[in-house]
Amino acid sequence: MVDALWKCGNFEQRLVLLPRQTALFEMGNTKVIAAVYGPREVQNRSQQISDQALVHCEYSMANFSTGDRKRKPKGDRRSTEISLVIRQTMEACILTHLMPRSQIDIFVQVLQADGGTRSACINAATLALADAGIPMRDIVTSCSAGYLNSTPLLDLNYVEDGGGGPDVTVGILPKLDKVTLLQMDSKLPMDIFENVFQLAIEGCKAIATYIREVLQENTKQLEYRRGL
């Protein structure tokens with residue numbers, strides 16, 4: 001197991017690589033766990049794709065993830081939307097054509113929510129995919145940025161996110177310099193949008209550097225255990 005803490009100003013992350021195919025990712029006070037299963041036989045044969053793998057994603061929130069302890073229903077509109085966003089983002093990086101007629105399942109669960117859960121889920125899923133040995137074009141990293149009180153902010157927490165300002169969520173393939181996800185919940189003047197978007201991009205690149213360092217450390221530990 002690898003446990004690493006990374007800080008940049010107020011931007012703090014923790015990554016724990018748990019037993020194979022599982023990863024725990026923290027951004028600030030937001031904690032997310034992701035697990036990957038596959039590639040394996042497609043469970044529903046009618047969904048099988050002859051020339052590529054089927055990617056299935058399921059997002060959920062633990063009942064204790066927020067101050068409201070009410071049971072979080074599975075399959076609600078928000079969970080379905082976020083599951084779709086994560087799946088589409090992961091499909092952009094997975095080399096699905098190398099695994100035809102198979103299925104890859106990605107399960108992400110929010111253990112503690114304090115804003116930025118969508119980005120944290122994508123980062124956790126990336127780590128779990130890498131740990132599972134799933135071939136990818138590049139790791140995909142995500143970060144959000146907002147604009148509150150005339151100030152661009154990186155990785156909004158729950159209070160900042162509830163302040164009513166616009167929020168931009170970005171996902172990128174850092175080595176390929178390609179944007180795979182861009183979501184914005186309200187309108188912004190173009191000049192302000194460019195500043196907020198660029199801030200989110202820088203956050204994604206910082207996360208990518210951090211993730212690569214932790215994956216390299218995990219690889220070294222595996223080599224040491226195997227006597228390589």
# chains A, B, ... in the order shown; residues from 1 in each chain; ligands from 1

$ residues_around --residues "A:Cys143" --least-positions-apart "5" --cutoff "7 Å" --atoms "only C-alpha atoms" --output "PyMOL selection string"
chain A and resi 119+155+169-171+200+203-204

$ write_last_selection --atoms "C-alpha atoms" --output "PDB file, in the first residue's frame"
ATOM      1  CA  SER A 119     -13.105  15.693 -10.137  1.00  0.00           C
ATOM      2  CA  ASP A 155     -10.824  23.335  -6.127  1.00  0.00           C
ATOM      3  CA  THR A 169     -14.915  21.369 -14.082  1.00  0.00           C
ATOM      4  CA  VAL A 170     -12.138  20.326 -16.460  1.00  0.00           C
ATOM      5  CA  GLY A 171     -10.581  16.973 -17.333  1.00  0.00           C
ATOM      6  CA  ALA A 200      -8.398  24.534 -13.676  1.00  0.00           C
ATOM      7  CA  GLY A 203      -4.706  22.236 -11.299  1.00  0.00           C
ATOM      8  CA  CYS A 204      -5.117  19.214 -13.592  1.00  0.00           C
TER       9      CYS A 204
END

$ select_by_dssp --residues "stretch 4-158 of chain A" --states "strand (DSSP E)" --output "PyMOL selection string"
chain A and resi 4-8+11-17+22-27+30-41+54-61+102-112+141-148+151-154

$ select_by_dssp --residues "stretch 2-224 of chain A" --states "alpha helix (DSSP H)" --output "PyMOL selection string"
chain A and resi 77-91+117-131+158-161+190-224

$ closest_residue --among "A:Lys31, A:Arg45, A:His56, A:Arg87" --to "A:Leu111" --atoms "only C-alpha atoms"
A:Lys31

$ closest_residue --among "A:Gly133, A:Tyr37, A:Phe25, A:Tyr147" --to "A:Asp191" --atoms "only C-alpha atoms"
A:Tyr147

$ closest_residue --among "A:Glu160, A:Asp131, A:Asp51, A:Glu202" --to "A:Pro100" --atoms "only C-alpha atoms"
A:Asp51

$ residues_around --residues "A:Ile82" --least-positions-apart "6" --cutoff "10 Å" --atoms "only C-alpha atoms" --output "CSV table (one decimal) with N, CA, C and O atoms, in the first residue's frame"
chain,number,residue,atom,x,y,z
A,57,CYS,N,-19.8,2.4,-15.6
A,57,CYS,CA,-19.4,3.1,-14.4
A,57,CYS,C,-20.6,3.4,-13.5
A,57,CYS,O,-21.7,3.6,-14.0
A,58,GLU,N,-20.3,3.2,-12.2
A,58,GLU,CA,-21.4,3.5,-11.2
A,58,GLU,C,-20.9,4.4,-10.1
A,58,GLU,O,-19.9,4.1,-9.4
A,59,TYR,N,-21.6,5.5,-9.9
A,59,TYR,CA,-21.2,6.5,-8.9
A,59,TYR,C,-22.2,6.5,-7.7
A,59,TYR,O,-23.4,6.3,-8.0
A,60,SER,N,-21.7,6.6,-6.5
A,60,SER,CA,-22.6,6.6,-5.4
A,60,SER,C,-22.0,7.5,-4.3
A,60,SER,O,-20.8,7.7,-4.3
A,88,GLN,N,-17.7,8.6,-19.7
A,88,GLN,CA,-17.3,9.2,-21.0
A,88,GLN,C,-15.9,9.7,-20.9
A,88,GLN,O,-15.1,9.6,-21.8
A,117,THR,N,-16.4,16.8,-5.9
A,117,THR,CA,-16.5,15.3,-5.8
A,117,THR,C,-16.4,14.7,-7.2
A,117,THR,O,-15.8,13.6,-7.4
A,118,ARG,N,-16.9,15.4,-8.2
A,118,ARG,CA,-16.8,14.9,-9.6
A,118,ARG,C,-15.3,14.7,-10.0
A,118,ARG,O,-14.9,13.7,-10.6
A,121,CYS,N,-13.6,11.9,-8.1
A,121,CYS,CA,-14.0,10.6,-8.6
A,121,CYS,C,-13.2,10.2,-9.9
A,121,CYS,O,-12.8,9.1,-10.0
A,122,ILE,N,-13.0,11.2,-10.8
A,122,ILE,CA,-12.3,10.9,-12.0
A,122,ILE,C,-10.8,10.6,-11.7
A,122,ILE,O,-10.2,9.7,-12.2

$ closest_residue --among "A:Ala92, A:Met190, A:Leu199, A:Met136" --to "A:Leu156" --atoms "only C-alpha atoms"
A:Leu199

$ atom_distance --atom1 "atom CA of A:Ser79" --atom2 "atom CA of A:Gly116"
14.3 Å

$ residues_around --residues "A:Val168" --least-positions-apart "2" --cutoff "9 Å" --atoms "only C-alpha atoms" --output "ChimeraX atom specification"
/A:143-147,166,170,182-186,193,196-197,200

$ residues_around --residues "A:Thr89" --least-positions-apart "6" --cutoff "10 Å" --atoms "only C-alpha atoms" --output "list in words"
Ser83, Ile122, Thr126, Val140, Thr141, Ser142, Gly171, Ile172, Leu173, Val179, Thr180 and Leu181 of chain A

$ write_last_selection --atoms "N, CA and C atoms" --output "PDB file, in the first residue's frame"
ATOM      1  N   SER A  83     -22.251   9.429 -13.156  1.00  0.00           N
ATOM      2  CA  SER A  83     -21.775   8.145 -13.678  1.00  0.00           C
ATOM      3  C   SER A  83     -21.483   8.249 -15.170  1.00  0.00           C
ATOM      4  N   ILE A 122     -13.042  11.188 -10.759  1.00  0.00           N
ATOM      5  CA  ILE A 122     -12.294  10.933 -11.993  1.00  0.00           C
ATOM      6  C   ILE A 122     -10.839  10.606 -11.672  1.00  0.00           C
ATOM      7  N   THR A 126      -8.936   7.033 -12.368  1.00  0.00           N
ATOM      8  CA  THR A 126      -7.693   6.949 -13.138  1.00  0.00           C
ATOM      9  C   THR A 126      -6.661   6.103 -12.409  1.00  0.00           C
ATOM     10  N   VAL A 140      -5.884  10.423 -17.094  1.00  0.00           N
ATOM     11  CA  VAL A 140      -6.776  11.571 -17.199  1.00  0.00           C
ATOM     12  C   VAL A 140      -6.943  12.159 -15.801  1.00  0.00           C
ATOM     13  N   THR A 141      -6.769  13.458 -15.683  1.00  0.00           N
ATOM     14  CA  THR A 141      -6.897  14.126 -14.396  1.00  0.00           C
ATOM     15  C   THR A 141      -7.934  15.232 -14.502  1.00  0.00           C
ATOM     16  N   SER A 142      -8.548  15.545 -13.372  1.00  0.00           N
ATOM     17  CA  SER A 142      -9.623  16.525 -13.367  1.00  0.00           C
ATOM     18  C   SER A 142      -9.497  17.458 -12.173  1.00  0.00           C
ATOM     19  N   GLY A 171     -11.358  18.203 -17.327  1.00  0.00           N
ATOM     20  CA  GLY A 171     -10.581  16.973 -17.333  1.00  0.00           C
ATOM     21  C   GLY A 171      -9.659  16.986 -18.535  1.00  0.00           C
ATOM     22  N   ILE A 172      -8.409  16.546 -18.347  1.00  0.00           N
ATOM     23  CA  ILE A 172      -7.447  16.584 -19.450  1.00  0.00           C
ATOM     24  C   ILE A 172      -6.634  15.299 -19.519  1.00  0.00           C
ATOM     25  N   LEU A 173      -6.088  15.046 -20.720  1.00  0.00           N
ATOM     26  CA  LEU A 173      -5.030  14.065 -20.912  1.00  0.00           C
ATOM     27  C   LEU A 173      -3.744  14.879 -20.969  1.00  0.00           C
ATOM     28  N   VAL A 179      -8.243  18.185 -23.916  1.00  0.00           N
ATOM     29  CA  VAL A 179      -9.326  18.347 -22.950  1.00  0.00           C
ATOM     30  C   VAL A 179     -10.382  17.277 -23.212  1.00  0.00           C
ATOM     31  N   THR A 180     -10.709  16.503 -22.190  1.00  0.00           N
ATOM     32  CA  THR A 180     -11.702  15.441 -22.334  1.00  0.00           C
ATOM     33  C   THR A 180     -13.010  15.758 -21.614  1.00  0.00           C
ATOM     34  N   LEU A 181     -12.983  16.779 -20.765  1.00  0.00           N
ATOM     35  CA  LEU A 181     -14.184  17.144 -20.012  1.00  0.00           C
ATOM     36  C   LEU A 181     -14.191  18.647 -19.769  1.00  0.00           C
TER      37      LEU A 181
END

$ closest_residue --among "A:Ile104, A:Val110, A:Val159, A:Ile139" --to "A:Asn123" --atoms "only C-alpha atoms"
A:Ile139

$ closest_residue --among "A:Gln221, A:Gln103, A:Gln21, A:Gln48" --to "A:Val36" --atoms "only C-alpha atoms"
A:Gln21

$ atom_distance --atom1 "atom CA of A:Pro174" --atom2 "atom CA of A:Tyr210"
12.1 Å

$ atom_distance --atom1 "atom CA of A:Leu98" --atom2 "atom CA of A:Pro39"
10.3 Å

$ residues_around --residues "stretch 64-66 of chain A" --least-positions-apart "3" --cutoff "8 Å" --atoms "only C-alpha atoms" --output "VMD selection string"
chain A and resid 61 69 110 to 114

$ residues_around --residues "A:Ser102" --least-positions-apart "6" --cutoff "12 Å" --atoms "only C-alpha atoms" --output "VMD selection string"
chain A and resid 37 to 45 47 to 56 96
